[in-house]
$ cat target-v4.txt   # compact mmCIF, C-alpha atoms
# COMPACT_ATOMS: atom_id res chain seq x y z
CA MET A 1 31.44 97.84 -209.67
CA PRO A 2 30.31 95.36 -212.37
CA ARG A 3 26.71 94.19 -212.26
CA VAL A 4 26.53 90.45 -212.97
CA THR A 5 23.91 87.70 -213.03
CA VAL A 6 24.43 84.60 -210.91
CA VAL A 7 22.57 81.47 -212.04
CA LEU A 8 21.90 78.98 -209.24
CA PRO A 9 21.14 75.25 -209.78
CA PRO A 10 17.98 73.48 -208.53
CA PRO A 11 19.75 71.34 -205.89
CA LEU A 12 21.04 74.51 -204.25
CA LEU A 13 17.69 76.27 -204.55
CA ARG A 14 16.06 73.39 -202.68
CA LEU A 15 18.33 74.17 -199.73
CA PHE A 16 17.40 77.86 -199.82
CA PRO A 17 13.72 77.98 -200.77
CA ALA A 18 13.66 81.80 -200.71
CA ALA A 19 16.54 82.10 -203.19
CA GLU A 20 15.99 82.89 -206.85
CA PRO A 21 17.40 80.96 -209.82
CA ARG A 22 18.84 84.13 -211.41
CA VAL A 23 20.23 86.80 -209.12
CA SER A 24 21.61 90.19 -210.07
CA VAL A 25 24.47 91.39 -207.85
CA GLU A 26 27.26 93.95 -207.94
CA ALA A 27 30.61 92.19 -207.54
CA ALA A 28 34.15 92.46 -208.89
CA THR A 29 35.09 88.82 -208.22
CA VAL A 30 33.40 85.44 -207.83
CA ALA A 31 34.18 85.60 -204.09
CA ALA A 32 32.38 88.93 -203.84
CA ALA A 33 29.40 87.61 -205.79
CA ILE A 34 29.09 84.63 -203.45
CA ALA A 35 29.46 86.96 -200.45
CA ALA A 36 26.58 89.06 -201.80
CA LEU A 37 24.44 85.93 -202.07
CA ASP A 38 25.39 84.94 -198.51
CA VAL A 39 24.10 88.29 -197.23
CA ARG A 40 20.73 87.65 -198.84
CA TRP A 41 20.54 83.95 -197.91
CA PRO A 42 22.78 83.29 -194.92
CA GLY A 43 24.68 80.01 -195.14
CA LEU A 44 24.76 79.88 -198.92
CA ARG A 45 28.51 80.52 -199.04
CA ASP A 46 29.18 77.47 -196.86
CA ARG A 47 27.34 75.30 -199.36
CA LEU A 48 29.49 76.52 -202.26
CA CYS A 49 32.85 77.07 -200.56
CA ASP A 50 34.88 75.14 -198.00
CA SER A 51 37.00 76.70 -195.28
CA THR A 52 40.28 76.52 -197.23
CA PRO A 53 38.76 78.82 -198.58
CA ARG A 54 37.96 77.69 -202.11
CA ILE A 55 35.00 76.64 -204.18
CA ARG A 56 34.14 73.08 -203.21
CA ARG A 57 35.75 70.44 -205.43
CA THR A 58 32.30 69.16 -206.26
CA VAL A 59 30.86 72.52 -207.28
CA ASN A 60 31.76 74.19 -210.57
CA VAL A 61 31.45 77.90 -211.22
CA PHE A 62 31.66 79.16 -214.80
CA VAL A 63 32.19 82.79 -215.80
CA GLY A 64 31.57 83.52 -219.46
CA GLY A 65 31.65 79.79 -220.09
CA ARG A 66 35.06 79.25 -218.42
CA LYS A 67 35.64 77.45 -215.14
CA ALA A 68 36.38 80.00 -212.44
CA GLY A 69 37.79 80.25 -208.93
CA LEU A 70 37.01 82.57 -206.06
CA GLU A 71 39.55 85.12 -207.31
CA THR A 72 38.23 85.23 -210.88
CA GLU A 73 37.40 88.81 -211.84
CA LEU A 74 34.01 89.68 -213.24
CA GLY A 75 33.18 92.03 -216.10
CA GLU A 76 30.06 94.08 -216.54
CA GLY A 77 27.04 91.99 -217.51
CA VAL A 78 28.66 88.52 -217.34
CA GLU A 79 26.82 85.42 -216.22
CA VAL A 80 28.19 83.46 -213.28
CA VAL A 81 26.81 79.94 -213.58
CA VAL A 82 26.92 77.60 -210.57
CA LEU A 83 26.62 73.88 -211.32
CA PRO A 84 27.06 70.80 -209.15
CA ALA A 85 29.80 68.51 -210.49
CA VAL A 86 28.92 65.04 -211.63
CA ILE A 87 29.39 62.46 -208.86
CA GLY A 88 28.86 58.75 -208.97
CA MET B 89 -2.75 64.36 -173.80
CA ALA B 90 -1.58 61.16 -175.46
CA ARG B 91 2.00 60.01 -175.49
CA ARG B 92 3.60 59.45 -178.86
CA VAL B 93 6.90 57.78 -179.61
CA LEU B 94 9.04 59.10 -182.44
CA ILE B 95 11.78 56.86 -183.83
CA LEU B 96 14.35 59.11 -185.48
CA VAL B 97 16.13 57.27 -188.26
CA GLY B 98 19.26 58.58 -189.96
CA THR B 99 20.17 57.00 -193.29
CA LYS B 100 22.60 57.39 -196.16
CA LYS B 101 19.75 59.12 -198.00
CA GLY B 102 17.98 61.40 -195.59
CA ALA B 103 16.09 61.23 -192.30
CA PHE B 104 12.93 59.26 -191.64
CA ILE B 105 10.61 59.42 -188.65
CA LEU B 106 8.29 56.68 -187.47
CA GLU B 107 5.58 57.95 -185.16
CA GLY B 108 3.76 55.48 -182.94
CA ASP B 109 1.33 55.26 -180.06
CA ALA B 110 2.36 54.61 -176.46
CA ALA B 111 1.56 50.90 -176.85
CA ARG B 112 3.97 50.95 -179.79
CA ARG B 113 1.62 48.88 -181.93
CA SER B 114 0.70 51.33 -184.67
CA TRP B 115 3.37 53.21 -186.60
CA GLU B 116 3.41 55.72 -189.41
CA LEU B 117 6.52 56.45 -191.49
CA ARG B 118 7.45 59.91 -192.80
CA GLY B 119 10.41 60.82 -194.99
CA PRO B 120 12.83 61.15 -196.61
CA MET B 121 13.74 64.47 -194.99
CA CYS B 122 16.78 66.76 -195.17
CA GLU B 123 16.85 66.67 -198.98
CA ALA B 124 18.00 63.05 -198.87
CA TRP B 125 21.42 64.13 -197.58
CA PRO B 126 23.70 61.40 -196.26
CA LEU B 127 23.17 61.62 -192.50
CA ASN B 128 25.23 60.06 -189.74
CA HIS B 129 23.07 60.97 -186.76
CA VAL B 130 19.53 62.19 -186.13
CA ALA B 131 18.81 63.00 -182.50
CA ALA B 132 16.46 65.08 -180.39
CA ASP B 133 16.80 67.36 -177.42
CA PRO B 134 14.19 65.88 -175.06
CA ALA B 135 13.98 69.16 -173.15
CA THR B 136 12.73 71.12 -176.16
CA GLY B 137 11.55 68.46 -178.62
CA THR B 138 13.82 69.94 -181.28
CA ILE B 139 15.19 67.37 -183.69
CA TYR B 140 18.70 67.73 -185.14
CA ALA B 141 20.38 65.84 -187.95
CA THR B 142 23.97 65.94 -189.12
CA GLY B 143 25.94 64.54 -192.01
CA GLY B 144 27.71 65.70 -195.11
CA ASN B 145 26.53 66.15 -198.64
CA GLU B 146 28.86 65.20 -201.52
CA TRP B 147 28.35 68.56 -203.20
CA PHE B 148 27.49 71.02 -200.49
CA GLY B 149 29.52 69.88 -197.49
CA PRO B 150 28.66 69.35 -193.82
CA ALA B 151 25.69 70.79 -191.96
CA VAL B 152 23.51 70.41 -188.92
CA TRP B 153 19.82 70.33 -189.78
CA LYS B 154 17.15 71.41 -187.31
CA SER B 155 13.39 70.89 -187.03
CA THR B 156 11.15 72.36 -184.35
CA ASP B 157 7.96 70.79 -185.73
CA ARG B 158 8.79 67.08 -185.47
CA GLY B 159 10.36 66.88 -188.87
CA ARG B 160 7.77 68.66 -190.97
CA SER B 161 10.13 71.50 -191.86
CA TRP B 162 13.90 71.83 -191.58
CA THR B 163 16.61 74.48 -191.65
CA HIS B 164 20.34 73.88 -191.88
CA SER B 165 23.54 75.62 -190.83
CA SER B 166 27.27 75.09 -190.71
CA GLU B 167 28.19 78.57 -189.49
CA GLY B 168 31.40 78.20 -187.51
CA LEU B 169 31.73 74.50 -188.30
CA SER B 170 35.32 74.92 -189.42
CA TYR B 171 38.86 74.53 -188.13
CA GLY B 172 39.76 77.80 -189.83
CA GLU B 173 41.40 78.91 -193.04
CA GLY B 174 44.21 76.66 -194.23
CA GLU B 175 43.10 73.72 -192.07
CA THR B 176 41.50 70.58 -193.47
CA PRO B 177 37.86 71.36 -194.22
CA ILE B 178 35.25 69.44 -192.29
CA LYS B 179 33.75 66.68 -194.36
CA ALA B 180 30.71 65.66 -192.31
CA GLY B 181 28.98 65.85 -188.97
CA TRP B 182 28.88 62.51 -187.17
CA SER B 183 27.31 62.82 -183.74
CA LEU B 184 25.00 65.12 -181.80
CA ALA B 185 24.43 65.48 -178.07
CA PRO B 186 22.39 68.03 -176.14
CA ALA B 187 23.94 68.82 -172.75
CA GLY B 188 22.04 71.38 -170.72
CA GLU B 189 22.04 74.62 -172.69
CA VAL B 190 24.71 73.36 -175.08
CA LEU B 191 24.44 71.22 -178.19
CA TYR B 192 27.58 69.31 -179.17
CA CYS B 193 28.47 68.03 -182.61
CA GLY B 194 31.30 65.62 -183.41
CA VAL B 195 32.73 65.78 -186.91
CA GLU B 196 35.09 64.27 -189.48
CA PRO B 197 38.06 64.80 -189.38
CA ALA B 198 37.71 64.18 -185.68
CA GLY B 199 36.89 67.19 -183.56
CA LEU B 200 34.16 68.59 -181.37
CA PHE B 201 32.00 71.71 -181.76
CA ARG B 202 29.51 73.37 -179.43
CA SER B 203 26.48 75.51 -180.11
CA GLU B 204 24.81 77.74 -177.58
CA ASP B 205 22.03 78.90 -179.89
CA GLY B 206 20.36 75.62 -180.75
CA GLY B 207 22.52 74.68 -183.70
CA LEU B 208 22.44 78.00 -185.56
CA SER B 209 26.16 78.66 -185.05
CA TRP B 210 29.10 76.61 -183.81
CA ARG B 211 32.33 77.08 -181.92
CA HIS B 212 35.30 74.72 -182.01
CA VAL B 213 36.17 72.95 -178.75
CA ALA B 214 39.83 73.39 -179.62
CA ALA B 215 41.44 71.73 -176.60
CA LEU B 216 40.52 68.25 -177.81
CA ARG B 217 42.44 68.58 -181.09
CA GLU B 218 45.27 70.26 -179.19
CA HIS B 219 45.79 67.09 -177.16
CA PRO B 220 49.39 65.92 -177.65
CA SER B 221 48.22 62.52 -178.85
CA ARG B 222 46.54 63.92 -181.97
CA PRO B 223 49.37 63.00 -184.39
CA GLN B 224 48.68 59.36 -183.41
CA TRP B 225 44.97 59.52 -184.30
CA GLN B 226 44.34 57.37 -187.37
CA PRO B 227 41.26 57.02 -189.54
CA GLY B 228 39.33 53.77 -189.14
CA GLY B 229 37.03 52.18 -191.71
CA GLY B 230 34.57 55.06 -191.41
CA GLY B 231 37.24 57.79 -191.49
CA LEU B 232 38.78 59.77 -188.62
CA ILE B 233 35.51 60.49 -186.89
CA LEU B 234 34.21 61.67 -183.55
CA HIS B 235 31.16 59.45 -183.44
CA HIS B 236 29.95 59.35 -179.84
CA ILE B 237 29.41 62.06 -177.24
CA GLU B 238 28.16 61.36 -173.74
CA ALA B 239 27.41 64.21 -171.35
CA HIS B 240 26.65 63.45 -167.71
CA PRO B 241 23.02 64.44 -167.03
CA ALA B 242 23.83 65.60 -163.48
CA ASP B 243 26.86 67.63 -164.57
CA PRO B 244 26.92 68.47 -168.29
CA ARG B 245 30.51 69.71 -167.97
CA LYS B 246 31.55 66.06 -167.73
CA LEU B 247 31.97 64.79 -171.27
CA TRP B 248 33.16 61.57 -172.86
CA VAL B 249 33.78 61.27 -176.59
CA GLY B 250 34.65 58.32 -178.78
CA ILE B 251 37.04 58.84 -181.68
CA SER B 252 37.95 56.23 -184.27
CA THR B 253 40.71 55.47 -184.17
CA ALA B 254 42.01 57.28 -181.13
CA GLY B 255 39.81 55.97 -178.32
CA VAL B 256 37.80 57.50 -175.51
CA PHE B 257 38.63 60.98 -174.17
CA HIS B 258 37.15 62.68 -171.11
CA SER B 259 36.72 66.28 -170.09
CA ALA B 260 35.59 67.30 -166.61
CA ASP B 261 35.40 71.00 -167.45
CA GLY B 262 33.08 71.30 -170.41
CA GLY B 263 35.80 70.70 -172.99
CA ALA B 264 38.54 73.02 -171.70
CA SER B 265 40.90 70.09 -171.07
CA TRP B 266 40.91 66.43 -172.07
CA GLU B 267 42.55 63.16 -171.08
CA PRO B 268 42.50 59.73 -172.73
CA ARG B 269 40.45 57.06 -170.95
CA ASN B 270 41.47 53.79 -172.60
CA ARG B 271 43.26 51.74 -169.96
CA GLY B 272 42.24 48.09 -170.22
CA THR B 273 40.91 48.21 -173.78
CA ARG B 274 43.07 46.30 -176.21
CA CYS B 275 44.24 46.73 -179.77
CA ASP B 276 44.38 43.29 -181.38
CA TYR B 277 45.81 44.93 -184.51
CA LEU B 278 49.07 45.88 -182.76
CA PRO B 279 52.02 43.64 -181.81
CA GLU B 280 51.34 41.71 -178.61
CA GLU B 281 53.55 43.83 -176.38
CA GLN B 282 51.87 47.04 -177.61
CA ARG B 283 48.21 46.02 -177.29
CA TYR B 284 47.30 48.35 -174.44
CA PRO B 285 48.48 51.83 -175.52
CA GLU B 286 47.30 55.08 -173.96
CA VAL B 287 45.54 56.06 -177.22
CA GLY B 288 44.83 54.45 -180.58
CA GLN B 289 41.99 52.17 -179.54
CA CYS B 290 39.19 51.59 -182.02
CA VAL B 291 36.15 52.50 -179.94
CA HIS B 292 32.88 51.72 -181.72
CA SER B 293 30.35 53.06 -179.24
CA ILE B 294 30.07 54.23 -175.65
CA ALA B 295 27.05 54.50 -173.37
CA LEU B 296 26.74 56.13 -169.95
CA ALA B 297 24.66 54.05 -167.55
CA PRO B 298 21.73 55.94 -166.01
CA GLY B 299 21.68 56.84 -162.36
CA THR B 300 25.36 56.09 -161.83
CA ALA B 301 28.22 58.35 -161.01
CA GLU B 302 30.41 57.28 -163.92
CA ARG B 303 29.60 53.79 -165.21
CA LEU B 304 30.28 53.45 -168.91
CA TYR B 305 29.86 50.64 -171.38
CA GLN B 306 31.97 50.40 -174.50
CA GLN B 307 31.70 48.28 -177.61
CA ASN B 308 35.15 48.28 -179.10
CA HIS B 309 36.49 46.85 -182.34
CA CYS B 310 38.33 44.47 -180.02
CA GLY B 311 36.00 43.56 -177.19
CA MET B 312 33.13 44.64 -174.99
CA TYR B 313 33.92 46.60 -171.82
CA ARG B 314 32.50 48.22 -168.70
CA SER B 315 34.07 50.91 -166.57
CA GLU B 316 32.93 51.94 -163.08
CA ASP B 317 35.12 55.01 -162.90
CA GLY B 318 34.39 57.07 -165.99
CA GLY B 319 36.76 55.14 -168.21
CA ARG B 320 39.92 55.35 -166.07
CA GLN B 321 39.94 51.54 -166.10
CA TRP B 322 37.95 49.22 -168.37
CA GLU B 323 37.08 45.57 -167.64
CA SER B 324 36.21 43.06 -170.32
CA ILE B 325 32.59 41.85 -170.25
CA GLU B 326 32.68 39.91 -173.52
CA ASN B 327 32.57 36.45 -171.93
CA GLY B 328 29.32 34.82 -173.04
CA LEU B 329 28.90 36.89 -176.19
CA PRO B 330 29.08 35.22 -179.61
CA SER B 331 31.67 37.73 -180.80
CA SER B 332 33.88 40.43 -179.41
CA PHE B 333 33.06 42.60 -182.44
CA GLY B 334 30.09 44.85 -182.98
CA PHE B 335 29.11 48.47 -183.15
CA ALA B 336 25.81 49.40 -181.50
CA THR B 337 24.98 49.55 -177.81
CA ALA B 338 21.81 50.78 -176.12
CA VAL B 339 21.61 51.24 -172.40
CA HIS B 340 18.35 50.81 -170.47
CA PRO B 341 17.14 54.30 -169.53
CA ARG B 342 16.52 53.42 -165.86
CA ASP B 343 18.43 50.22 -165.05
CA PRO B 344 22.21 50.68 -165.20
CA ASP B 345 22.74 46.90 -165.20
CA THR B 346 20.74 46.35 -168.39
CA LEU B 347 22.35 46.82 -171.78
CA PHE B 348 21.42 45.77 -175.30
CA LEU B 349 24.04 44.83 -177.91
CA LEU B 350 24.09 43.65 -181.46
CA PRO B 351 27.28 41.63 -181.91
CA LEU B 352 28.52 41.05 -185.47
CA ASN B 353 30.57 38.08 -186.58
CA GLY B 354 33.96 39.82 -186.90
CA ASP B 355 35.85 42.58 -188.61
CA SER B 356 37.23 40.57 -191.52
CA ILE B 357 34.52 37.99 -192.17
CA GLY B 358 31.62 40.11 -193.32
CA ARG B 359 30.56 42.18 -190.30
CA TYR B 360 27.08 40.66 -190.30
CA VAL B 361 25.12 38.89 -187.57
CA PRO B 362 26.79 35.64 -186.41
CA ASP B 363 25.78 32.50 -188.32
CA GLY B 364 23.40 34.52 -190.48
CA LYS B 365 20.88 34.69 -187.62
CA ALA B 366 19.75 37.99 -186.13
CA ALA B 367 19.84 38.45 -182.36
CA VAL B 368 19.99 41.25 -179.87
CA TRP B 369 22.05 40.29 -176.83
CA ARG B 370 21.01 41.59 -173.44
CA THR B 371 22.60 41.63 -170.03
CA ARG B 372 20.63 42.25 -166.85
CA ASP B 373 23.69 42.09 -164.59
CA ALA B 374 26.09 44.65 -166.05
CA GLY B 375 27.74 42.22 -168.43
CA ARG B 376 28.34 39.23 -166.15
CA SER B 377 25.96 37.15 -168.26
CA TRP B 378 24.25 37.58 -171.63
CA GLN B 379 21.07 36.29 -173.24
CA ALA B 380 20.26 36.16 -176.95
CA LEU B 381 16.89 37.64 -177.85
CA ARG B 382 15.64 36.27 -181.17
CA ASP B 383 11.83 36.05 -181.05
CA GLY B 384 10.54 37.74 -184.19
CA LEU B 385 13.97 38.34 -185.70
CA PRO B 386 14.94 36.50 -188.91
CA GLN B 387 16.94 33.33 -188.28
CA GLU B 388 17.92 32.26 -191.76
CA ASN B 389 20.21 33.83 -194.37
CA VAL B 390 20.59 37.15 -192.57
CA TYR B 391 23.60 39.14 -193.71
CA PHE B 392 22.91 42.62 -192.43
CA GLY B 393 25.02 44.63 -190.05
CA VAL B 394 23.99 47.29 -187.54
CA LEU B 395 26.07 50.43 -187.46
CA ARG B 396 27.49 52.20 -184.43
CA GLN B 397 24.62 54.60 -183.75
CA ALA B 398 21.78 52.45 -185.04
CA MET B 399 20.23 51.13 -181.82
CA ALA B 400 18.31 52.97 -179.09
CA GLY B 401 15.76 52.57 -176.34
CA ASP B 402 12.78 54.74 -175.51
CA GLY B 403 11.88 55.98 -172.03
CA LEU B 404 8.63 54.07 -171.62
CA ASP B 405 7.85 51.16 -169.31
CA PRO B 406 8.53 48.50 -170.47
CA VAL B 407 11.32 49.98 -172.51
CA GLY B 408 11.02 49.90 -176.28
CA VAL B 409 14.20 48.96 -178.14
CA TYR B 410 14.84 49.71 -181.79
CA PHE B 411 17.59 48.97 -184.27
CA GLY B 412 18.16 49.72 -187.93
CA THR B 413 20.15 47.63 -190.36
CA SER B 414 22.63 48.22 -193.13
CA SER B 415 19.99 46.79 -195.48
CA GLY B 416 17.37 49.37 -194.47
CA GLU B 417 15.13 47.46 -192.09
CA LEU B 418 13.94 48.85 -188.78
CA TYR B 419 13.16 46.37 -186.00
CA ALA B 420 11.31 47.19 -182.78
CA SER B 421 10.59 45.57 -179.46
CA ALA B 422 7.98 46.95 -177.05
CA ASP B 423 8.94 44.54 -174.25
CA GLU B 424 12.62 45.15 -173.54
CA GLY B 425 13.79 42.84 -176.29
CA LEU B 426 11.69 39.73 -175.59
CA SER B 427 9.87 39.95 -178.93
CA TRP B 428 10.54 41.87 -182.11
CA ARG B 429 8.85 42.94 -185.29
CA CYS B 430 9.93 44.73 -188.43
CA LEU B 431 8.45 48.23 -188.72
CA ALA B 432 10.00 49.25 -192.05
CA ARG B 433 11.83 47.62 -194.93
CA HIS B 434 13.60 48.94 -197.99
CA LEU B 435 14.88 52.12 -196.37
CA PRO B 436 18.36 53.32 -197.34
CA THR B 437 21.25 52.05 -195.20
CA ILE B 438 20.41 53.05 -191.64
CA THR B 439 23.18 54.92 -189.84
CA SER B 440 21.43 55.99 -186.65
CA VAL B 441 18.36 55.31 -184.53
CA GLU B 442 17.22 57.52 -181.65
CA THR B 443 13.87 58.13 -179.95
CA LEU B 444 11.82 61.03 -178.70
CA VAL B 445 8.71 60.69 -176.52
CA VAL B 446 6.25 63.55 -176.89
CA GLU B 447 2.78 64.48 -175.65
CA ARG B 448 0.10 65.28 -178.17

$ encode --input "target-v4.txt" --output "structure tokens"
Amino acid sequence: MPRVTVVLPPPLLRLFPAAEPRVSVEAATVAAAIAALDVRWPGLRDRLCDSTPRIRRTVNVFVGGRKAGLETELGEGVEVVVLPAVIG
Amino acid sequence: MARRVLILVGTKKGAFILEGDAARRSWELRGPMCEAWPLNHVAADPATGTIYATGGNEWFGPAVWKSTDRGRSWTHSSEGLSYGEGETPIKAGWSLAPAGEVLYCGVEPAGLFRSEDGGLSWRHVAALREHPSRPQWQPGGGGLILHHIEAHPADPRKLWVGISTAGVFHSADGGASWEPRNRGTRCDYLPEEQRYPEVGQCVHSIALAPGTAERLYQQNHCGMYRSEDGGRQWESIENGLPSSFGFATAVHPRDPDTLFLLPLNGDSIGRYVPDGKAAVWRTRDAGRSWQALRDGLPQENVYFGVLRQAMAGDGLDPVGVYFGTSSGELYASADEGLSWRCLARHLPTITSVETLVVER
């Protein structure tokens, strides 16, 4: 199972004060990485994903610099960067 | 122990709380809370003192926020607040109502959820959206929203909800089955021969009169109404009002004949107070006659509106009445509407006003 680093943005961290800005998790896909975060900080998945299920239109997830979806596969050591989209 | 009054203010940019003394002379404002999320309703469970807030954030979706320390700290959850995979995701929470051991939340797109653990997790009240009329439900100006929930205090299984634009629906069995309750309320936006359909009415707010079996008041997009039988039949009570259009209603907490309204000039001419002069309109006889209450309210160049959940009374004697405006002002009366003063200015657009009386 690849070990990856998830980078969380400040607006999300304000909603989960116990969460850390850089989190190391074992996950083979973006969906699995978000599920691992949700175990640590319950409710976090609902902030990033809607019930379709998919990553919210207004949240961007980048893997190795490329925009990713829930099914995107993760390689060993990659960074998964979560960013709010620009609105307004 | 001293009584304190909390005015719970929902806005487009977070929750605010004004805390005042029992005389309602001295007030202190706290906020913004809930990370400045757009909120549609902030309301308390008077039995526990817990304060809830619901809305939807542009980035992070819908949630119900919860505070057990009068707004000093908050948690949030949307666990179970979903119609399921493949269905339209929920955009925002719109209305909250404690009913006995249950907390209800109405959402956009219109539907109802219930929580039995104080807002930590939610379960869909599926029968409402399974009603055969659902294909006819249409979004109004605020979206397809379930914006009002009334539970009967003597029997919390009796529920009324207001959906725009579908109308009023009633359940007598805690949400297991539903029927429309719109007879007598008109749709001016339909051809003349179709103006009284079973569903499709644009309800703006509903209020259950205290101490009655099933008296309801309804401000509708097209008229002001009263029902003596739980909404089976509605009668117009708009004669004497300056306009048939408005959003907010607040019922007196002890006198079922007394109701406060804030009529607006009309749906297509600005939706602000008539003639640019602010007034709360009050009936003492269940809508047979109305009086304008203006003392202390601005009477020149006033172009604010008051949204559907933005007026409330407190439980004190005399009753305090409060309303919040689209331009972020909060007005208060400590004498049942006879005189008013502005408690806060320059807040974000106010979407909801509720009260909580506590002992300290």

$ residues_around --input "target-v4.txt" --residues "Glu424 in chain B" --least-positions-apart "6" --cutoff "8 Å" --atoms "only C-alpha atoms" --output "PyMOL selection string"
chain B and resi 406-409

$ atom_distance --input "target-v4.txt" --atom1 "CA of Asp373 in chain B" --atom2 "CA of Arg283 in chain B"
27.9 Å

$ interface_residues --input "target-v4.txt" --of "chain A" --to "chain B" --cutoff "7 Å" --atoms "only C-alpha atoms" --output "PDB file with C-alpha atoms, keeping the file's coordinate frame"
ATOM      1  CA  GLY A  43      24.680  80.010-195.140  1.00  0.00           C
ATOM      2  CA  ASP A  46      29.180  77.470-196.860  1.00  0.00           C
ATOM      3  CA  ARG A  47      27.340  75.300-199.360  1.00  0.00           C
ATOM      4  CA  LEU A  48      29.490  76.520-202.260  1.00  0.00           C
ATOM      5  CA  ASP A  50      34.880  75.140-198.000  1.00  0.00           C
ATOM      6  CA  SER A  51      37.000  76.700-195.280  1.00  0.00           C
ATOM      7  CA  THR A  52      40.280  76.520-197.230  1.00  0.00           C
ATOM      8  CA  PRO A  53      38.760  78.820-198.580  1.00  0.00           C
ATOM      9  CA  THR A  58      32.300  69.160-206.260  1.00  0.00           C
ATOM     10  CA  VAL A  59      30.860  72.520-207.280  1.00  0.00           C
ATOM     11  CA  PRO A  84      27.060  70.800-209.150  1.00  0.00           C
TER      12      PRO A  84
END

$ residues_near_point --input "target-v4.txt" --point "(7.4, 41.7, -182.8)" --cutoff "12 Å" --atoms "all atoms listed in the file" --output "VMD selection string"
chain B and resid 112 to 114 381 to 386 408 to 410 418 to 431

$ residues_around --input "target-v4.txt" --residues "range 1-9 of chain A" --least-positions-apart "3" --cutoff "6 Å" --atoms "all atoms listed in the file" --output "JSON, numbers by chain"
{"A": [12, 21, 22, 23, 24, 25, 26, 27, 28, 75, 76, 77, 78, 79, 80, 81, 82, 83]}

$ write_last_selection --input "target-v4.txt" --atoms "C-alpha atoms" --output "mmCIF file, keeping the file's coordinate frame"
data_model
loop_
_atom_site.group_PDB
_atom_site.id
_atom_site.type_symbol
_atom_site.label_atom_id
_atom_site.label_comp_id
_atom_site.auth_asym_id
_atom_site.auth_seq_id
_atom_site.Cartn_x
_atom_site.Cartn_y
_atom_site.Cartn_z
ATOM 1 C CA LEU A 12 21.040 74.510 -204.250
ATOM 2 C CA PRO A 21 17.400 80.960 -209.820
ATOM 3 C CA ARG A 22 18.840 84.130 -211.410
ATOM 4 C CA VAL A 23 20.230 86.800 -209.120
ATOM 5 C CA SER A 24 21.610 90.190 -210.070
ATOM 6 C CA VAL A 25 24.470 91.390 -207.850
ATOM 7 C CA GLU A 26 27.260 93.950 -207.940
ATOM 8 C CA ALA A 27 30.610 92.190 -207.540
ATOM 9 C CA ALA A 28 34.150 92.460 -208.890
ATOM 10 C CA GLY A 75 33.180 92.030 -216.100
ATOM 11 C CA GLU A 76 30.060 94.080 -216.540
ATOM 12 C CA GLY A 77 27.040 91.990 -217.510
ATOM 13 C CA VAL A 78 28.660 88.520 -217.340
ATOM 14 C CA GLU A 79 26.820 85.420 -216.220
ATOM 15 C CA VAL A 80 28.190 83.460 -213.280
ATOM 16 C CA VAL A 81 26.810 79.940 -213.580
ATOM 17 C CA VAL A 82 26.920 77.600 -210.570
ATOM 18 C CA LEU A 83 26.620 73.880 -211.320
#

$ residues_around --input "target-v4.txt" --residues "Phe16 in chain A" --least-positions-apart "2" --cutoff "9 Å" --atoms "all atoms listed in the file" --output "PyMOL selection string"
(chain A and resi 12-14+18-20+41+43-44) or (chain B and resi 163)

$ closest_residue --input "target-v4.txt" --among "B:Leu232, B:Leu435, B:Met312, B:Ala301" --to "Arg118 in chain B" --atoms "all atoms listed in the file"
B:Leu435

$ decode --input "target-v4.txt" --residues "range 230-238 of chain B" --atoms "N, CA and C atoms" --output "PDB file, in the first residue's frame"
ATOM      1  N   GLY B 230     -35.787  31.411  -3.936  1.00  0.00           N
ATOM      2  CA  GLY B 230     -34.722  30.961  -3.031  1.00  0.00           C
ATOM      3  C   GLY B 230     -34.295  29.523  -3.302  1.00  0.00           C
ATOM      4  N   GLY B 231     -34.793  28.917  -4.390  1.00  0.00           N
ATOM      5  CA  GLY B 231     -34.488  27.518  -4.656  1.00  0.00           C
ATOM      6  C   GLY B 231     -35.649  26.643  -4.238  1.00  0.00           C
ATOM      7  N   LEU B 232     -35.529  25.335  -4.454  1.00  0.00           N
ATOM      8  CA  LEU B 232     -36.553  24.382  -4.007  1.00  0.00           C
ATOM      9  C   LEU B 232     -36.210  23.997  -2.569  1.00  0.00           C
ATOM     10  N   ILE B 233     -36.852  24.678  -1.640  1.00  0.00           N
ATOM     11  CA  ILE B 233     -36.392  24.621  -0.248  1.00  0.00           C
ATOM     12  C   ILE B 233     -37.528  24.227   0.696  1.00  0.00           C
ATOM     13  N   LEU B 234     -37.170  23.474   1.708  1.00  0.00           N
ATOM     14  CA  LEU B 234     -38.102  23.209   2.807  1.00  0.00           C
ATOM     15  C   LEU B 234     -37.690  24.155   3.934  1.00  0.00           C
ATOM     16  N   HIS B 235     -38.459  25.235   4.085  1.00  0.00           N
ATOM     17  CA  HIS B 235     -37.990  26.363   4.888  1.00  0.00           C
ATOM     18  C   HIS B 235     -38.719  26.557   6.197  1.00  0.00           C
ATOM     19  N   HIS B 236     -39.822  25.849   6.411  1.00  0.00           N
ATOM     20  CA  HIS B 236     -40.500  25.971   7.707  1.00  0.00           C
ATOM     21  C   HIS B 236     -40.942  24.590   8.192  1.00  0.00           C
ATOM     22  N   ILE B 237     -40.792  24.365   9.466  1.00  0.00           N
ATOM     23  CA  ILE B 237     -41.228  23.119  10.103  1.00  0.00           C
ATOM     24  C   ILE B 237     -41.945  23.513  11.388  1.00  0.00           C
ATOM     25  N   GLU B 238     -43.168  23.070  11.524  1.00  0.00           N
ATOM     26  CA  GLU B 238     -43.899  23.287  12.775  1.00  0.00           C
ATOM     27  C   GLU B 238     -44.288  21.926  13.341  1.00  0.00           C
TER      28      GLU B 238
END
